[in-house]
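Printed here is model.cif (mmCIF, C-alpha atoms):
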```
data_entry
loop_
_atom_site.label_atom_id
_atom_site.label_comp_id
_atom_site.auth_asym_id
_atom_site.auth_seq_id
_atom_site.Cartn_x
_atom_site.Cartn_y
_atom_site.Cartn_z
CA MET A 67 9.52 11.25 16.51
CA PRO A 68 7.00 8.77 17.86
CA ASP A 69 7.35 10.01 21.42
CA GLY A 70 5.71 13.35 20.64
CA SER A 71 6.97 16.65 21.95
CA PRO A 72 5.81 17.59 25.47
CA PHE A 73 4.89 21.02 24.08
CA SER A 74 2.84 19.88 21.10
CA VAL A 75 -0.93 20.12 20.82
CA MET A 76 -2.74 17.06 22.20
CA HIS A 77 -5.90 15.49 20.79
CA SER A 78 -8.21 12.84 22.21
CA ILE A 79 -8.60 9.60 20.29
CA ARG A 80 -11.68 7.47 20.91
CA ILE A 81 -11.36 3.91 19.63
CA LYS A 82 -14.57 1.95 19.15
CA GLY A 83 -14.76 -0.91 21.64
CA CYS A 84 -12.14 0.61 23.96
CA GLU A 85 -13.08 2.33 27.21
CA THR A 86 -9.76 4.16 27.53
CA GLU A 87 -9.55 7.44 25.64
CA ILE A 88 -6.05 7.99 24.27
CA GLN A 89 -4.21 11.30 24.19
CA CYS A 90 -2.15 11.74 21.03
CA ALA A 91 0.15 14.66 20.20
CA GLU A 92 -0.17 16.44 16.88
CA ASP A 93 3.33 15.23 15.93
CA GLN A 94 2.74 11.65 17.05
CA LYS A 95 1.38 8.60 15.24
CA VAL A 96 -1.89 7.30 16.72
CA LEU A 97 -0.58 3.74 17.03
CA PHE A 98 2.45 4.83 19.08
CA ALA A 99 0.20 6.77 21.47
CA MET A 100 -1.91 3.63 21.89
CA GLU A 101 1.18 1.47 22.53
CA GLN A 102 2.42 3.94 25.17
CA GLN A 103 -0.91 4.29 26.95
CA ILE A 104 -2.44 0.81 26.74
CA HIS A 105 0.09 -1.64 28.05
CA ILE A 106 0.11 -5.39 27.50
CA PRO A 107 -1.52 -7.45 29.00
CA ASN A 108 -4.43 -5.02 28.66
CA PRO A 109 -6.24 -5.73 25.41
CA ARG A 110 -5.21 -3.33 22.65
CA PRO A 111 -8.10 -2.34 20.39
CA VAL A 112 -5.80 -2.04 17.37
CA ARG A 113 -3.22 -4.68 16.44
CA VAL A 114 0.45 -3.72 16.38
CA GLY A 115 2.48 -5.00 13.43
CA CYS A 116 5.40 -3.42 11.58
CA ARG A 117 4.57 0.18 12.67
CA LYS A 118 5.80 1.35 9.25
CA GLY A 119 2.79 1.17 6.96
CA GLY A 120 3.67 -2.12 5.30
CA CYS A 121 1.80 -4.99 6.94
CA GLY A 122 -1.74 -3.68 7.49
CA ALA A 123 -2.15 -5.01 11.05
CA CYS A 124 -3.30 -1.63 12.42
CA ARG A 125 -5.82 -0.82 9.68
CA VAL A 126 -8.58 1.46 11.00
CA LYS A 127 -11.41 3.64 9.75
CA VAL A 128 -11.48 7.23 10.96
CA THR A 129 -15.16 8.08 11.47
CA LYS A 130 -14.75 11.59 12.88
CA GLY A 131 -12.05 14.27 12.84
CA THR A 132 -9.18 15.32 10.60
CA PHE A 133 -5.72 13.87 10.35
CA SER A 134 -2.64 13.75 8.16
CA THR A 135 -1.19 10.52 6.87
CA ALA A 136 2.26 9.32 5.80
CA LYS A 137 2.79 6.91 2.90
CA SER A 138 1.51 3.36 3.42
CA SER A 139 1.23 0.21 1.33
CA ARG A 140 -1.64 0.30 -1.20
CA THR A 141 -2.11 -3.39 -0.50
CA HIS A 142 -3.94 -2.42 2.66
CA VAL A 143 -5.52 0.97 1.92
CA THR A 144 -6.50 1.75 -1.66
CA GLU A 145 -6.98 5.34 -2.82
CA GLU A 146 -10.75 4.83 -2.75
CA GLU A 147 -10.60 3.45 0.79
CA ALA A 148 -8.41 6.32 1.91
CA ALA A 149 -11.05 8.73 0.63
CA GLU A 150 -13.59 6.90 2.81
CA GLY A 151 -11.43 7.39 5.92
CA TYR A 152 -9.53 4.09 6.00
CA ALA A 153 -5.91 4.35 7.12
CA LEU A 154 -3.18 2.58 9.03
CA ALA A 155 -2.97 3.81 12.63
CA CYS A 156 0.84 3.73 12.48
CA ARG A 157 0.79 6.29 9.66
CA ILE A 158 -1.73 8.89 10.88
CA THR A 159 -1.30 11.94 13.10
CA PRO A 160 -4.34 13.79 14.47
CA LEU A 161 -5.20 17.38 13.51
CA SER A 162 -8.30 17.30 15.73
CA ASP A 163 -9.91 14.91 18.17
CA LEU A 164 -10.55 11.62 16.36
CA GLU A 165 -12.99 8.74 16.50
CA ILE A 166 -11.69 5.54 14.91
CA GLU A 167 -12.77 1.93 14.63
CA PRO A 168 -10.57 -1.12 14.01
CA ALA A 169 -10.80 -2.31 10.39
CA PHE A 170 -8.25 -5.10 10.18
CA LEU A 171 -8.59 -7.16 7.02
CA GLY A 172 -7.64 -10.75 7.43
CA PRO A 173 -6.54 -12.58 5.43
CA ARG A 174 -5.01 -9.61 3.72
CA ARG A 175 -5.68 -9.18 0.05
CA PRO A 176 -3.07 -9.43 -2.67
CA ALA A 177 -2.04 -6.13 -4.19
CA ALA A 178 -4.22 -5.21 -7.14
CA LYS A 179 -1.13 -4.90 -9.32
CA SER A 180 2.45 -5.98 -9.08
CA ASP A 181 3.72 -2.62 -7.84
CA MET B 49 34.84 -28.44 -4.47
CA SER B 50 32.21 -30.79 -3.26
CA GLN B 51 29.32 -28.34 -3.31
CA GLU B 52 27.99 -28.27 -6.84
CA GLY B 53 25.08 -26.65 -8.60
CA LEU B 54 23.51 -23.90 -6.55
CA LEU B 55 25.88 -22.26 -4.08
CA ARG B 56 24.02 -19.70 -1.99
CA PRO B 57 21.47 -16.87 -1.89
CA GLY B 58 22.75 -14.11 -4.14
CA ILE B 59 20.17 -11.37 -4.67
CA ILE B 60 16.98 -10.17 -3.03
CA GLN B 61 14.88 -7.48 -4.67
CA LEU B 62 12.62 -5.65 -2.23
CA ARG B 63 9.84 -3.13 -2.75
CA VAL B 64 10.06 -0.01 -0.59
CA LEU B 65 7.63 2.87 -0.20
CA ASP B 66 10.19 5.68 0.10
CA MET B 67 13.66 5.25 -1.41
CA ASP B 68 15.43 7.92 0.63
CA GLU B 69 14.22 6.42 3.91
CA ALA B 70 15.15 2.94 2.67
CA ILE B 71 18.69 3.99 1.75
CA THR B 72 19.23 5.54 5.17
CA HIS B 73 18.01 2.29 6.77
CA TYR B 74 19.94 -0.25 4.69
CA ARG B 75 23.14 1.80 4.27
CA ASP B 76 23.52 3.74 7.50
CA ARG B 77 21.71 1.49 10.00
CA ILE B 78 22.25 -2.06 8.73
CA GLY B 79 25.59 -0.98 7.28
CA LEU B 80 25.40 -2.08 3.63
CA ASP B 81 27.45 -0.20 1.03
CA LEU B 82 25.51 1.68 -1.65
CA VAL B 83 26.85 0.40 -4.98
CA SER B 84 24.78 2.34 -7.51
CA THR B 85 21.50 3.99 -8.34
CA GLU B 86 20.38 3.17 -11.87
CA ALA B 87 18.25 5.03 -14.41
CA ASP B 88 15.15 2.95 -13.65
CA GLY B 89 15.36 4.07 -10.01
CA ARG B 90 16.54 0.76 -8.55
CA VAL B 91 19.22 1.02 -5.88
CA TYR B 92 21.93 -1.64 -5.49
CA LEU B 93 23.69 -2.43 -2.22
CA LYS B 94 26.12 -5.00 -0.83
CA ALA B 95 27.51 -5.99 2.56
CA PHE B 96 31.15 -5.19 3.24
CA ASP B 97 32.22 -8.86 3.42
CA GLU B 98 30.55 -9.93 0.16
CA PHE B 99 32.74 -10.44 -2.90
CA HIS B 100 30.24 -9.73 -5.65
CA ARG B 101 28.82 -6.47 -6.94
CA HIS B 102 25.47 -6.39 -5.15
CA SER B 103 23.12 -8.54 -3.09
CA VAL B 104 20.25 -6.25 -2.10
CA VAL B 105 18.20 -4.40 -4.71
CA LEU B 106 15.58 -1.85 -3.68
CA ARG B 107 12.72 -0.81 -5.95
CA GLU B 108 10.37 2.02 -5.02
CA ALA B 109 6.72 0.97 -5.31
CA ASP B 110 3.35 1.65 -3.72
CA SER B 111 3.30 -1.64 -1.81
CA ALA B 112 6.02 -3.21 0.34
CA GLY B 113 7.25 -6.81 -0.06
CA ILE B 114 9.56 -9.00 -2.14
CA ASP B 115 9.92 -9.09 -5.93
CA PHE B 116 12.21 -12.15 -6.06
CA PHE B 117 14.97 -14.12 -4.36
CA ALA B 118 17.89 -15.35 -6.49
CA PHE B 119 20.40 -18.14 -5.97
CA LYS B 120 23.87 -18.12 -7.49
CA ALA B 121 25.09 -21.24 -9.29
CA ASP B 122 28.64 -22.46 -9.85
CA GLY B 123 28.40 -21.95 -13.60
CA GLN B 124 26.12 -21.48 -16.60
CA ASP B 125 26.06 -25.25 -17.20
CA ALA B 126 24.44 -25.69 -13.81
CA VAL B 127 21.85 -22.98 -14.56
CA ASP B 128 21.09 -24.64 -17.92
CA GLY B 129 20.73 -27.98 -16.15
CA PHE B 130 18.32 -26.58 -13.58
CA ARG B 131 16.35 -24.91 -16.36
CA LYS B 132 15.75 -28.30 -17.94
CA ARG B 133 14.82 -29.91 -14.62
CA VAL B 134 12.40 -27.08 -13.74
CA GLU B 135 10.75 -27.26 -17.16
CA ASP B 136 10.60 -31.06 -17.06
CA TYR B 137 8.87 -30.74 -13.70
CA GLY B 138 6.20 -28.66 -15.46
CA VAL B 139 7.08 -25.19 -14.27
CA ALA B 140 7.46 -22.42 -16.87
CA VAL B 141 10.84 -20.69 -16.98
CA ASP B 142 11.47 -17.17 -18.29
CA ASP B 143 14.70 -15.40 -19.19
CA VAL B 144 16.21 -12.18 -17.92
CA ASP B 145 18.89 -10.75 -20.20
CA ALA B 146 22.44 -10.14 -19.08
CA GLY B 147 22.77 -6.53 -18.04
CA GLU B 148 19.17 -6.17 -16.84
CA MET B 149 21.00 -5.58 -13.59
CA PRO B 150 24.40 -3.89 -13.87
CA GLY B 151 27.36 -6.24 -13.68
CA THR B 152 25.10 -9.27 -13.74
CA GLY B 153 24.85 -12.08 -16.29
CA LYS B 154 21.68 -13.60 -17.66
CA ARG B 155 19.21 -15.08 -15.21
CA ILE B 156 16.32 -17.52 -15.34
CA GLY B 157 13.18 -17.08 -13.27
CA PHE B 158 10.08 -19.10 -12.33
CA ASN B 159 7.15 -18.93 -9.96
CA ILE B 160 6.89 -21.52 -7.20
CA PRO B 161 3.61 -22.81 -5.69
CA SER B 162 3.80 -20.42 -2.74
CA GLY B 163 3.46 -17.53 -5.17
CA HIS B 164 7.06 -16.34 -5.02
CA ARG B 165 9.46 -15.71 -7.89
CA ILE B 166 12.80 -17.50 -7.65
CA GLU B 167 15.72 -16.73 -9.96
CA LEU B 168 18.97 -18.55 -10.74
CA TYR B 169 22.13 -17.06 -12.25
CA ALA B 170 25.81 -17.88 -12.59
CA ASP B 171 27.65 -14.64 -13.28
CA MET B 172 28.11 -11.40 -11.43
CA ASP B 173 31.13 -9.09 -11.46
CA LEU B 174 33.35 -9.01 -8.44
CA SER B 175 32.93 -5.83 -6.45
CA ASP B 176 35.42 -2.97 -6.57
CA THR B 177 35.21 -3.01 -2.79
CA ALA B 178 35.36 -6.79 -2.38
CA PRO B 179 37.25 -8.16 0.62
CA GLU B 180 40.98 -8.42 0.10
CA THR B 181 42.37 -11.78 -1.02
CA HIS B 182 46.10 -11.18 -0.73
CA ASN B 183 47.32 -11.02 2.87
CA PRO B 184 43.87 -9.73 3.77
CA TYR B 185 42.79 -7.50 6.58
CA ILE B 186 39.44 -8.46 8.11
CA TYR B 187 37.93 -5.36 6.48
CA LYS B 188 39.09 -2.50 4.28
CA GLU B 189 37.15 0.11 6.24
CA GLU B 190 35.49 -0.29 9.60
CA PRO B 191 31.93 -1.59 9.09
CA ARG B 192 29.06 0.86 9.72
CA GLY B 193 25.85 0.63 11.67
CA MET B 194 24.89 -2.95 12.56
CA ARG B 195 27.98 -4.22 10.69
CA ALA B 196 26.09 -6.71 8.47
CA GLN B 197 28.53 -9.15 6.85
CA ARG B 198 26.29 -10.68 4.22
CA LEU B 199 22.77 -11.30 2.96
CA ASP B 200 22.01 -14.57 4.75
CA HIS B 201 18.52 -15.95 4.04
CA CYS B 202 14.85 -15.08 3.79
CA LEU B 203 11.62 -16.51 5.24
CA LEU B 204 8.68 -16.48 2.86
CA TYR B 205 4.96 -16.97 3.60
CA GLY B 206 2.58 -18.60 1.16
CA PRO B 207 0.31 -21.60 0.41
CA ASN B 208 1.06 -25.11 -0.96
CA LEU B 209 3.93 -25.94 1.37
CA PRO B 210 4.10 -29.65 0.43
CA GLU B 211 4.52 -28.70 -3.24
CA VAL B 212 7.18 -26.13 -2.34
CA GLU B 213 9.09 -28.76 -0.33
CA LYS B 214 8.91 -31.28 -3.17
CA PHE B 215 10.08 -28.71 -5.72
CA PHE B 216 13.04 -27.44 -3.70
CA THR B 217 14.28 -30.88 -2.67
CA GLU B 218 13.64 -32.81 -5.90
CA VAL B 219 14.35 -30.13 -8.50
CA LEU B 220 16.73 -27.64 -6.88
CA ASP B 221 18.69 -30.09 -4.66
CA PHE B 222 17.98 -28.38 -1.32
CA HIS B 223 17.83 -30.36 1.92
CA ILE B 224 15.78 -29.72 5.05
CA PRO B 225 17.64 -29.37 8.35
CA GLU B 226 14.53 -28.51 10.34
CA ARG B 227 10.72 -28.50 10.12
CA VAL B 228 7.51 -27.93 12.10
CA ASP B 229 4.81 -30.56 11.60
CA LEU B 230 1.34 -29.94 13.06
CA PRO B 231 -1.43 -32.56 13.19
CA ASP B 232 -3.11 -30.98 10.15
CA GLY B 233 0.04 -30.56 8.10
CA THR B 234 3.43 -28.94 7.88
CA LEU B 235 3.58 -25.42 9.29
CA ALA B 236 7.11 -24.56 8.24
CA ILE B 237 10.29 -25.83 6.57
CA TRP B 238 13.87 -24.58 6.72
CA LEU B 239 15.86 -25.40 3.57
CA THR B 240 19.50 -25.13 2.66
CA VAL B 241 21.51 -25.70 -0.50
CA SER B 242 24.81 -25.20 1.37
CA ASN B 243 25.68 -26.11 4.93
CA LYS B 244 24.23 -23.03 6.57
CA ALA B 245 21.30 -23.93 8.82
CA HIS B 246 19.04 -22.29 6.23
CA ASP B 247 19.31 -20.45 2.94
CA ILE B 248 15.52 -20.03 2.60
CA ALA B 249 12.51 -20.97 4.73
CA PHE B 250 8.76 -21.15 4.22
CA VAL B 251 5.74 -20.91 6.51
CA ASN B 252 2.30 -22.08 5.40
CA HIS B 253 0.06 -19.03 4.89
CA PRO B 254 -3.16 -18.53 2.91
CA GLU B 255 -2.00 -15.48 0.97
CA PRO B 256 0.65 -16.06 -1.71
CA GLY B 257 3.90 -14.25 -2.31
CA LYS B 258 4.48 -12.70 1.11
CA LEU B 259 7.75 -11.77 2.80
CA HIS B 260 8.22 -12.54 6.49
CA HIS B 261 11.80 -11.35 6.72
CA VAL B 262 15.16 -10.94 5.03
CA ALA B 263 18.15 -11.71 7.26
CA PHE B 264 21.63 -10.25 7.44
CA TYR B 265 24.51 -12.11 9.06
CA LEU B 266 26.40 -10.57 11.99
CA GLU B 267 29.63 -11.81 13.50
CA ASP B 268 28.47 -12.81 16.99
CA TRP B 269 26.12 -12.23 19.91
CA ASN B 270 28.09 -9.11 20.82
CA ASP B 271 27.22 -7.58 17.47
CA ILE B 272 23.56 -8.54 18.01
CA GLY B 273 23.70 -6.42 21.17
CA HIS B 274 25.34 -3.60 19.23
CA ALA B 275 22.57 -3.85 16.61
CA ALA B 276 19.96 -3.51 19.37
CA ASP B 277 21.73 -0.36 20.57
CA VAL B 278 21.57 1.06 17.02
CA MET B 279 17.85 0.23 16.82
CA THR B 280 17.02 2.20 19.95
CA ARG B 281 19.28 5.12 19.01
CA TYR B 282 17.52 5.55 15.67
CA ASP B 283 14.05 4.56 16.86
CA ILE B 284 13.83 1.57 14.51
CA SER B 285 10.62 -0.46 14.87
CA ARG B 286 11.58 -3.65 16.72
CA ASP B 287 9.52 -6.84 16.63
CA ILE B 288 11.33 -9.15 19.08
CA GLY B 289 14.81 -9.81 20.47
CA PRO B 290 17.66 -9.96 21.10
CA THR B 291 16.81 -13.62 21.58
CA ARG B 292 17.61 -17.03 20.12
CA HIS B 293 15.80 -19.36 17.76
CA GLY B 294 15.59 -22.97 18.93
CA ILE B 295 15.24 -23.76 15.22
CA THR B 296 18.67 -23.19 13.57
CA ARG B 297 19.96 -22.09 17.05
CA GLY B 298 20.65 -18.67 15.56
CA GLN B 299 20.78 -15.56 17.73
CA THR B 300 18.54 -12.87 16.45
CA ILE B 301 16.61 -9.63 16.44
CA TYR B 302 13.53 -9.09 14.25
CA PHE B 303 12.84 -5.49 13.28
CA PHE B 304 11.26 -3.55 10.42
CA ASP B 305 12.55 -1.34 7.63
CA PRO B 306 10.83 2.04 7.01
CA SER B 307 8.35 0.35 4.61
CA GLY B 308 7.37 -2.38 7.08
CA ASN B 309 9.45 -5.16 5.53
CA ARG B 310 10.73 -7.29 8.39
CA ASN B 311 14.52 -7.56 8.70
CA GLU B 312 16.54 -9.90 10.87
CA VAL B 313 20.08 -9.67 12.16
CA PHE B 314 21.24 -13.23 12.70
CA CYS B 315 24.40 -14.87 13.97
CA GLY B 316 25.51 -18.37 14.89
CA GLY B 317 23.34 -21.25 13.82
CA TYR B 318 24.55 -24.80 13.46
CA THR B 319 26.31 -26.31 10.45
CA ALA B 320 23.92 -28.42 8.37
CA TYR B 321 25.31 -31.32 6.37
CA LYS B 322 23.25 -33.19 3.85
CA ASP B 323 23.64 -36.49 5.71
CA HIS B 324 22.27 -35.09 8.99
CA PRO B 325 18.74 -36.08 9.99
CA THR B 326 16.00 -33.44 9.94
CA ARG B 327 15.09 -31.94 13.34
CA ILE B 328 11.31 -32.00 13.82
CA TRP B 329 9.16 -29.78 16.08
CA ASP B 330 5.54 -30.40 17.05
CA GLY B 331 2.79 -27.94 17.89
CA ASN B 332 3.29 -28.25 21.65
CA HIS B 333 6.92 -27.15 21.49
CA VAL B 334 7.11 -24.88 18.47
CA GLY B 335 7.08 -21.74 20.65
CA ARG B 336 10.49 -22.70 22.02
CA GLY B 337 11.57 -23.52 18.48
CA ILE B 338 10.75 -20.05 17.20
CA PHE B 339 11.81 -17.98 20.24
CA TYR B 340 13.98 -20.07 22.56
CA TYR B 341 14.00 -17.74 25.56
CA GLU B 342 10.38 -16.54 25.41
CA ARG B 343 9.25 -20.14 24.74
CA GLN B 344 6.22 -18.84 22.86
CA MET B 345 5.52 -17.15 19.56
CA ASN B 346 4.50 -13.51 19.63
CA ASP B 347 1.33 -12.29 17.98
CA ALA B 348 3.27 -10.92 15.03
CA PHE B 349 5.18 -14.06 14.02
CA LEU B 350 2.36 -15.81 12.21
CA SER B 351 0.49 -12.79 10.91
CA VAL B 352 2.67 -9.74 10.19
CA VAL B 353 4.10 -9.95 6.66
CA THR B 354 4.51 -7.71 3.64
#
```

Would you write out, as structure tokens, the structure that this file holds?
Amino acid sequence: MPDGSPFSVMHSIRIKGCETEIQCAEDQKVLFAMEQQIHIPNPRPVRVGCRKGGCGACRVKVTKGTFSTAKSSRTHVTEEEAAEGYALACRITPLSDLEIEPAFLGPRRPAAKSD
Amino acid sequence: MSQEGLLRPGIIQLRVLDMDEAITHYRDRIGLDLVSTEADGRVYLKAFDEFHRHSVVLREADSAGIDFFAFKADGQDAVDGFRKRVEDYGVAVDDVDAGEMPGTGKRIGFNIPSGHRIELYADMDLSDTAPETHNPYIYKEEPRGMRAQRLDHCLLYGPNLPEVEKFFTEVLDFHIPERVDLPDGTLAIWLTVSNKAHDIAFVNHPEPGKLHHVAFYLEDWNDIGHAADVMTRYDISRDIGPTRHGITRGQTIYFFDPSGNRNEVFCGGYTAYKDHPTRIWDGNHVGRGIFYYERQMNDAFLSVVT
């Protein structure tokens, strides 16, 4: 569940270019924690799109820490990029404190192959 | 019958990242009926009020988006006629054998300048669970979830909008009830081959072949509210709405499937006849055209696609 359990382990998320440090539960997606804690009209350091790993709006690079990731569209994060720490913020949950930087690609690239 | 040639949208094939999650979403939340799962893994669904075997096809893949959108014709002669017109226009046509999809006749397919694949076909079996035709009830079983009645339309994003407009109007006999014209060119066109406000729409976008949304028709504004209740209950990612489009006048919610493909539930909308003039929006008023109550586009409208 995106809300996170009140009893789950919390980790701090530092986002490059953002003064506010976000608290994200270990069973919560980083993007949802950001949406809950940085309210419009405050500038959000990461763009919010489909929230389901398809559109690539919330593409980031994790520069420090460990995390788990759910399936996302290879159009936006290739296997090689994933190995370098690229991910979609709507698909990752922290396993430690994290440092991330926005890595939105625009215009987005076509998929390398048809599927 | 005065409507001849192409009749309506018939099939959309979507790519999904996780089939089990997609089935839960399209069957249990939107309320489509699961028709079959085939050996190649594709899953076929239909809305309760549709007569033919299937309208939504899901294919598991490692990227989200649309494979193709298909229009149903009133007969094979019409498909053969369009084949000639498409080829004469200079666009290559390929064939898909009957039976490539269960219960479905042969299809033709071609790529349009926006980078999308469009297909045409004439024959599909009637569904075993089709609406009644003899002293009918309004439904056989109470509709589930958001109670979608039919696949309604899709909005596609891609380049070369003037070429797309020319192709659809001159070759496929669509007309344009509504458009957005900016000083540097057309931003968007809404096209119909029937008298729905739109059967397909396009927005100018640098990257080819993208899906903005696929829409399902609901009965009325009350069912739009019910759909919003379902979205919150099951924590479905919502983009915007319930609201209204100034363009088409449809009432709407945009939301996302579990792979990030945008869906719409849509009701209302005006009746578009071929002899009606096109409604035209300019850049200063297009916000009200897209979202009538907010009177401005949201950040996601022009940029979030699969």

Contact table chain B vs chain A, cut-off 6 Å, shortest pair per residue, all atoms listed in the file, as JSON lines:
```
{"residue": "B:Ala109", "atom": "CA", "partner": "A:Asp181", "partner_atom": "CA", "distance": 5.3}
{"residue": "B:Asp110", "atom": "CA", "partner": "A:Ser139", "partner_atom": "CA", "distance": 5.7}
{"residue": "B:Ser111", "atom": "CA", "partner": "A:Ser139", "partner_atom": "CA", "distance": 4.2}
{"residue": "B:Ala112", "atom": "CA", "partner": "A:Gly120", "partner_atom": "CA", "distance": 5.6}
{"residue": "B:Phe304", "atom": "CA", "partner": "A:Cys116", "partner_atom": "CA", "distance": 6.0}
{"residue": "B:Pro306", "atom": "CA", "partner": "A:Lys118", "partner_atom": "CA", "distance": 5.5}
{"residue": "B:Ser307", "atom": "CA", "partner": "A:Gly120", "partner_atom": "CA", "distance": 5.3}
{"residue": "B:Gly308", "atom": "CA", "partner": "A:Gly120", "partner_atom": "CA", "distance": 4.1}
{"residue": "B:Val352", "atom": "CA", "partner": "A:Gly115", "partner_atom": "CA", "distance": 5.7}
{"residue": "B:Val353", "atom": "CA", "partner": "A:Cys121", "partner_atom": "CA", "distance": 5.5}
{"residue": "B:Thr354", "atom": "CA", "partner": "A:Cys121", "partner_atom": "CA", "distance": 5.1}
```

Using all atoms listed in the file, which residues sit within 8 Å of segment 129-143 of chain B once same-chain residues fewer than 4 positions away are excluded, as a PyMOL selection string? chain B and resi 125+154-160+219-220

Report as JSON, numbers by chain the full result of the PyMOL selection byres ((chain A and resi 111) around 7) when it is applied to this structure. {"A": [83, 84, 109, 110, 112, 113, 168]}

Expand the PyMOL selection byres ((chain B and resi 224) around 12) into the individual residues it matches in the shown file, reporting them as a PyMOL selection string. chain B and resi 212-214+216-218+221-223+225-228+236-250+295-296+320-328

Restricting it to C-alpha atoms, dump the selection as an mmCIF file, keeping the file's coordinate frame.
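This is the output file out08.cif:
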```cif
data_model
loop_
_atom_site.group_PDB
_atom_site.id
_atom_site.type_symbol
_atom_site.label_atom_id
_atom_site.label_comp_id
_atom_site.auth_asym_id
_atom_site.auth_seq_id
_atom_site.Cartn_x
_atom_site.Cartn_y
_atom_site.Cartn_z
ATOM 1 C CA VAL B 212 7.180 -26.130 -2.340
ATOM 2 C CA GLU B 213 9.090 -28.760 -0.330
ATOM 3 C CA LYS B 214 8.910 -31.280 -3.170
ATOM 4 C CA PHE B 216 13.040 -27.440 -3.700
ATOM 5 C CA THR B 217 14.280 -30.880 -2.670
ATOM 6 C CA GLU B 218 13.640 -32.810 -5.900
ATOM 7 C CA ASP B 221 18.690 -30.090 -4.660
ATOM 8 C CA PHE B 222 17.980 -28.380 -1.320
ATOM 9 C CA HIS B 223 17.830 -30.360 1.920
ATOM 10 C CA PRO B 225 17.640 -29.370 8.350
ATOM 11 C CA GLU B 226 14.530 -28.510 10.340
ATOM 12 C CA ARG B 227 10.720 -28.500 10.120
ATOM 13 C CA VAL B 228 7.510 -27.930 12.100
ATOM 14 C CA ALA B 236 7.110 -24.560 8.240
ATOM 15 C CA ILE B 237 10.290 -25.830 6.570
ATOM 16 C CA TRP B 238 13.870 -24.580 6.720
ATOM 17 C CA LEU B 239 15.860 -25.400 3.570
ATOM 18 C CA THR B 240 19.500 -25.130 2.660
ATOM 19 C CA VAL B 241 21.510 -25.700 -0.500
ATOM 20 C CA SER B 242 24.810 -25.200 1.370
ATOM 21 C CA ASN B 243 25.680 -26.110 4.930
ATOM 22 C CA LYS B 244 24.230 -23.030 6.570
ATOM 23 C CA ALA B 245 21.300 -23.930 8.820
ATOM 24 C CA HIS B 246 19.040 -22.290 6.230
ATOM 25 C CA ASP B 247 19.310 -20.450 2.940
ATOM 26 C CA ILE B 248 15.520 -20.030 2.600
ATOM 27 C CA ALA B 249 12.510 -20.970 4.730
ATOM 28 C CA PHE B 250 8.760 -21.150 4.220
ATOM 29 C CA ILE B 295 15.240 -23.760 15.220
ATOM 30 C CA THR B 296 18.670 -23.190 13.570
ATOM 31 C CA ALA B 320 23.920 -28.420 8.370
ATOM 32 C CA TYR B 321 25.310 -31.320 6.370
ATOM 33 C CA LYS B 322 23.250 -33.190 3.850
ATOM 34 C CA ASP B 323 23.640 -36.490 5.710
ATOM 35 C CA HIS B 324 22.270 -35.090 8.990
ATOM 36 C CA PRO B 325 18.740 -36.080 9.990
ATOM 37 C CA THR B 326 16.000 -33.440 9.940
ATOM 38 C CA ARG B 327 15.090 -31.940 13.340
ATOM 39 C CA ILE B 328 11.310 -32.000 13.820
#
```

Can you give me, as an mmCIF file with C-alpha atoms, keeping the file's coordinate frame, the residues this file yields under the PyMOL selection byres ((chain B and resi 342) around 12)?
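Once everything was written out, this is selection_9.cif:
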```cif
data_model
loop_
_atom_site.group_PDB
_atom_site.id
_atom_site.type_symbol
_atom_site.label_atom_id
_atom_site.label_comp_id
_atom_site.auth_asym_id
_atom_site.auth_seq_id
_atom_site.Cartn_x
_atom_site.Cartn_y
_atom_site.Cartn_z
ATOM 1 C CA ILE B 288 11.330 -9.150 19.080
ATOM 2 C CA GLY B 289 14.810 -9.810 20.470
ATOM 3 C CA PRO B 290 17.660 -9.960 21.100
ATOM 4 C CA THR B 291 16.810 -13.620 21.580
ATOM 5 C CA ARG B 292 17.610 -17.030 20.120
ATOM 6 C CA HIS B 293 15.800 -19.360 17.760
ATOM 7 C CA GLY B 294 15.590 -22.970 18.930
ATOM 8 C CA HIS B 333 6.920 -27.150 21.490
ATOM 9 C CA VAL B 334 7.110 -24.880 18.470
ATOM 10 C CA GLY B 335 7.080 -21.740 20.650
ATOM 11 C CA ARG B 336 10.490 -22.700 22.020
ATOM 12 C CA GLY B 337 11.570 -23.520 18.480
ATOM 13 C CA ILE B 338 10.750 -20.050 17.200
ATOM 14 C CA PHE B 339 11.810 -17.980 20.240
ATOM 15 C CA TYR B 340 13.980 -20.070 22.560
ATOM 16 C CA TYR B 341 14.000 -17.740 25.560
ATOM 17 C CA ARG B 343 9.250 -20.140 24.740
ATOM 18 C CA GLN B 344 6.220 -18.840 22.860
ATOM 19 C CA MET B 345 5.520 -17.150 19.560
ATOM 20 C CA ASN B 346 4.500 -13.510 19.630
#
```

Counting all atoms listed in the file, the residue of A:Glu87, A:Ile79, A:Thr144, A:Asn108 that sits nearest Ile158 of chain A: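 Smallest distance to Ile158 of chain A is found for A:Ile79.
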
Which residues, written as a PyMOL selection string, have at least one atom at most 8 Å from His100 of chain B, with all atoms listed in the file counted and residues fewer than 5 positions away on the same chain left out? chain B and resi 94+172-175+178

File dump, residues just selected, C-alpha atoms, as a compact mmCIF listing (two decimals), in the coordinates of the input:
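Below is the file out14.txt, written as the result:
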```txt
# COMPACT_ATOMS: atom_id res chain seq x y z
CA LYS B 94 26.12 -5.00 -0.83
CA MET B 172 28.11 -11.40 -11.43
CA ASP B 173 31.13 -9.09 -11.46
CA LEU B 174 33.35 -9.01 -8.44
CA SER B 175 32.93 -5.83 -6.45
CA ALA B 178 35.36 -6.79 -2.38
```
